[in-house]
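Written out below as structure tokens is the structure these notes cover.
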Amino acid sequence: MIAYNIGFVCRRDEVLLLNREFPGWMGCWNGIGGKLESGEALRNSMVREIREEAFLESGQYELQFKGLVTWGADAANFGGMAVYAVRLPEQLDYPTPIKTREGILDWKKRTWVLHPQNQGISSNLPYILRKIDDSEPWHHHCRYTEEKLHEVISVPVDSRLEDRESLNGYAARFLSGLTTAIPIAGAARV
């Protein structure tokens with residue numbers, strides 16, 4: 001159910017994004033991350049992806065669990081990923097752009113990412129980034145029609161969900177509520 005992770009490397013008013021050369025989100029700026037390996041813990045997977053895609057070692061940053069992003073309205077199309085904030089110290093020198101096997105890494109100002117007319121980013125990115133500095137993690141459920149984002153439902157979640165079993169259990173309960181049309185308590189539609 002939760003088969004991926006995504007991390008947003010943050011420093012000051014910037015976020016390190018990857019312009020992806022491969023599907024999904026090919027040609028769009030997005031966070032770094034990837035597929036969870038079999039039996040791999042969520043946090044360990046994110047540390048691995050940060051090392052592989054951004055060339056940063058675990059002692060160079062602070063990693064914070066920030067919730068999850070899900071999509072789909074039924075079991076056949078439901079998917080999700082764990083979300084992390086990756087906090088770099090201001091003094092860490094990390095020059096960009098950097099060409100990688102996944103695409104191009106570059107620092108982007110948050111104001112640029114959040115600009116309502118920005119067509120060059122993954123469509124759900126602004127919803128995640130607006131909550132990345134909150135003290136509590138969030139669940140962002142994205143609804144797409146013909147591959148276009150048309151609704152995001154965001155609700156705070158418990159920080160103790162940061163293990164694979166708990167996160168998958170939560171996602172299954174959430175999906176059950178979607179498929180039986182039970183309203184989501186505390187949800188904010190954005």
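In the structure tokens, chains take letters A, B, ... by order of appearance, with residues numbered from 1 within each chain and ligands from 1 in the order shown.
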Inset, instruction - For stretch 57-69 of chain A, please output as a PyMOL selection string all residues within 9 Å (counting only C-alpha atoms; exclusion window: fewer than 2 positions along the same chain). - result: chain A and resi 2+5-7+9+43+46-48+50-51+54-55+71+79-89+92+124+128+131-142+156-159+161-162+167
With N, CA and C atoms retained, write the just-selected residues as a short mmCIF file (atom, residue, chain, number, x, y, z; two decimals), in the first residue's frame.
data_model
loop_
_atom_site.label_atom_id
_atom_site.label_comp_id
_atom_site.auth_asym_id
_atom_site.auth_seq_id
_atom_site.Cartn_x
_atom_site.Cartn_y
_atom_site.Cartn_z
N ILE A 2 1.67 1.46 1.06
CA ILE A 2 2.64 2.56 1.06
C ILE A 2 3.94 1.97 0.52
N ASN A 5 8.66 6.56 -0.84
CA ASN A 5 8.91 7.66 0.08
C ASN A 5 9.32 8.87 -0.75
N ILE A 6 9.19 10.04 -0.13
CA ILE A 6 9.62 11.27 -0.78
C ILE A 6 10.15 12.19 0.30
N GLY A 7 11.25 12.86 -0.01
CA GLY A 7 11.87 13.77 0.95
C GLY A 7 12.10 15.14 0.32
N VAL A 9 14.47 18.29 0.81
CA VAL A 9 15.67 18.83 1.43
C VAL A 9 15.49 20.34 1.53
N ARG A 43 12.20 4.98 7.50
CA ARG A 43 13.29 5.93 7.73
C ARG A 43 14.57 5.46 7.04
N MET A 46 14.40 6.18 3.39
CA MET A 46 14.60 7.59 3.06
C MET A 46 16.08 7.95 3.15
N VAL A 47 16.77 7.45 4.17
CA VAL A 47 18.21 7.71 4.30
C VAL A 47 18.95 7.17 3.07
N ARG A 48 18.57 5.98 2.61
CA ARG A 48 19.20 5.38 1.42
C ARG A 48 18.94 6.25 0.19
N ILE A 50 18.23 9.45 0.04
CA ILE A 50 18.95 10.72 0.16
C ILE A 50 20.41 10.53 -0.25
N ARG A 51 21.00 9.43 0.19
CA ARG A 51 22.40 9.13 -0.17
C ARG A 51 22.52 8.88 -1.68
N ALA A 54 20.85 12.45 -3.61
CA ALA A 54 21.38 13.79 -3.27
C ALA A 54 22.81 13.73 -2.75
N PHE A 55 23.36 12.52 -2.59
CA PHE A 55 24.75 12.33 -2.19
C PHE A 55 25.06 12.91 -0.81
N TRP A 71 -3.11 8.45 -3.00
CA TRP A 71 -3.90 8.77 -4.18
C TRP A 71 -4.75 7.56 -4.53
N GLY A 79 -2.52 4.14 -3.81
CA GLY A 79 -1.08 4.08 -3.58
C GLY A 79 -0.68 5.15 -2.59
N GLY A 80 0.56 5.08 -2.13
CA GLY A 80 1.00 6.09 -1.19
C GLY A 80 2.49 6.11 -0.96
N MET A 81 2.92 7.17 -0.30
CA MET A 81 4.32 7.33 0.05
C MET A 81 4.46 8.08 1.36
N ALA A 82 5.49 7.71 2.11
CA ALA A 82 5.84 8.42 3.34
C ALA A 82 6.54 9.72 2.95
N VAL A 83 6.32 10.77 3.74
CA VAL A 83 6.89 12.09 3.46
C VAL A 83 7.86 12.47 4.56
N TYR A 84 9.02 13.02 4.16
CA TYR A 84 10.04 13.46 5.11
C TYR A 84 10.54 14.85 4.76
N ALA A 85 10.87 15.61 5.81
CA ALA A 85 11.63 16.85 5.66
C ALA A 85 13.07 16.51 5.98
N VAL A 86 13.97 17.00 5.15
CA VAL A 86 15.40 16.78 5.32
C VAL A 86 16.00 18.16 5.57
N ARG A 87 16.38 18.43 6.82
CA ARG A 87 16.86 19.77 7.20
C ARG A 87 18.37 19.84 7.13
N LEU A 88 18.86 20.70 6.26
CA LEU A 88 20.30 20.92 6.15
C LEU A 88 20.70 22.14 6.98
N PRO A 89 21.88 22.09 7.61
CA PRO A 89 22.36 23.29 8.29
C PRO A 89 22.63 24.40 7.27
N LEU A 92 26.04 24.48 5.47
CA LEU A 92 26.47 23.39 4.60
C LEU A 92 26.48 23.87 3.15
N ASN A 124 0.93 17.99 -6.83
CA ASN A 124 0.62 17.90 -5.40
C ASN A 124 1.68 18.54 -4.52
N ILE A 128 1.92 19.68 -0.10
CA ILE A 128 2.86 19.06 0.84
C ILE A 128 3.79 20.11 1.42
N LYS A 131 2.82 22.45 4.33
CA LYS A 131 2.70 21.84 5.66
C LYS A 131 4.03 21.27 6.17
N ILE A 132 5.09 21.35 5.40
CA ILE A 132 6.34 20.67 5.74
C ILE A 132 6.99 21.22 7.01
N ASP A 133 6.70 22.46 7.37
CA ASP A 133 7.28 23.05 8.58
C ASP A 133 6.38 22.92 9.80
N ASP A 134 5.18 22.37 9.64
CA ASP A 134 4.30 22.17 10.79
C ASP A 134 4.91 21.18 11.77
N SER A 135 4.57 21.32 13.03
CA SER A 135 5.11 20.41 14.04
C SER A 135 4.52 19.01 13.94
N GLU A 136 3.31 18.91 13.40
CA GLU A 136 2.67 17.60 13.29
C GLU A 136 2.73 17.11 11.84
N PRO A 137 2.76 15.79 11.65
CA PRO A 137 2.72 15.25 10.29
C PRO A 137 1.30 15.33 9.72
N TRP A 138 1.21 15.28 8.39
CA TRP A 138 -0.06 15.41 7.70
C TRP A 138 -0.25 14.27 6.70
N HIS A 139 -1.50 13.93 6.48
CA HIS A 139 -1.89 13.02 5.41
C HIS A 139 -2.54 13.87 4.33
N HIS A 140 -1.99 13.81 3.14
CA HIS A 140 -2.54 14.52 1.98
C HIS A 140 -3.06 13.46 1.02
N HIS A 141 -4.38 13.39 0.86
CA HIS A 141 -4.95 12.44 -0.10
C HIS A 141 -5.30 13.20 -1.37
N CYS A 142 -4.72 12.77 -2.47
CA CYS A 142 -4.87 13.45 -3.76
C CYS A 142 -5.85 12.68 -4.64
N PRO A 156 -4.28 16.14 9.80
CA PRO A 156 -3.12 15.80 10.62
C PRO A 156 -3.16 14.33 11.04
N VAL A 157 -1.98 13.74 11.19
CA VAL A 157 -1.87 12.35 11.63
C VAL A 157 -0.89 12.24 12.79
N ASP A 158 -0.93 11.12 13.45
CA ASP A 158 -0.07 10.83 14.59
C ASP A 158 1.36 10.55 14.13
N SER A 159 2.32 11.16 14.79
CA SER A 159 3.73 10.96 14.42
C SER A 159 4.20 9.52 14.67
N LEU A 161 3.01 6.99 13.45
CA LEU A 161 2.75 6.18 12.26
C LEU A 161 4.02 5.88 11.47
N GLU A 162 5.16 6.34 11.93
CA GLU A 162 6.38 6.23 11.15
C GLU A 162 6.98 4.82 11.13
N LEU A 167 1.73 2.62 9.30
CA LEU A 167 1.33 3.48 8.19
C LEU A 167 0.42 2.73 7.21
#
Inset, instruction - Name the residues of stretch 20-174 of chain A that fall into strand (DSSP E or B) according to DSSP on the backbone, using the chain letters and numbers of this document, as a ChimeraX atom specification. - result: /A:20,29-30,32-35,62-71,79-87,98-99,103-109,121,138-145,148-156
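Within the 7 Å cut-off around A:Ile104, using only C-alpha atoms and omitting residues fewer than 5 positions from it on the same chain, the listed residues are A:Leu18, A:Asn19, A:Arg20, A:Pro97, A:Ile98, A:Lys99.
Shortest atom-to-atom contact with A:Arg143 among A:Phe78, A:Trp112, A:Tyr170, A:Tyr94: A:Phe78, counting only C-alpha atoms.
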Inset, instruction - Compare A:Glu102, A:Glu49, A:Asn30, A:Asn77 by their minimum atom-to-atom distance to A:Tyr144, counting only C-alpha atoms, and give me the closest one. - result: A:Asn77
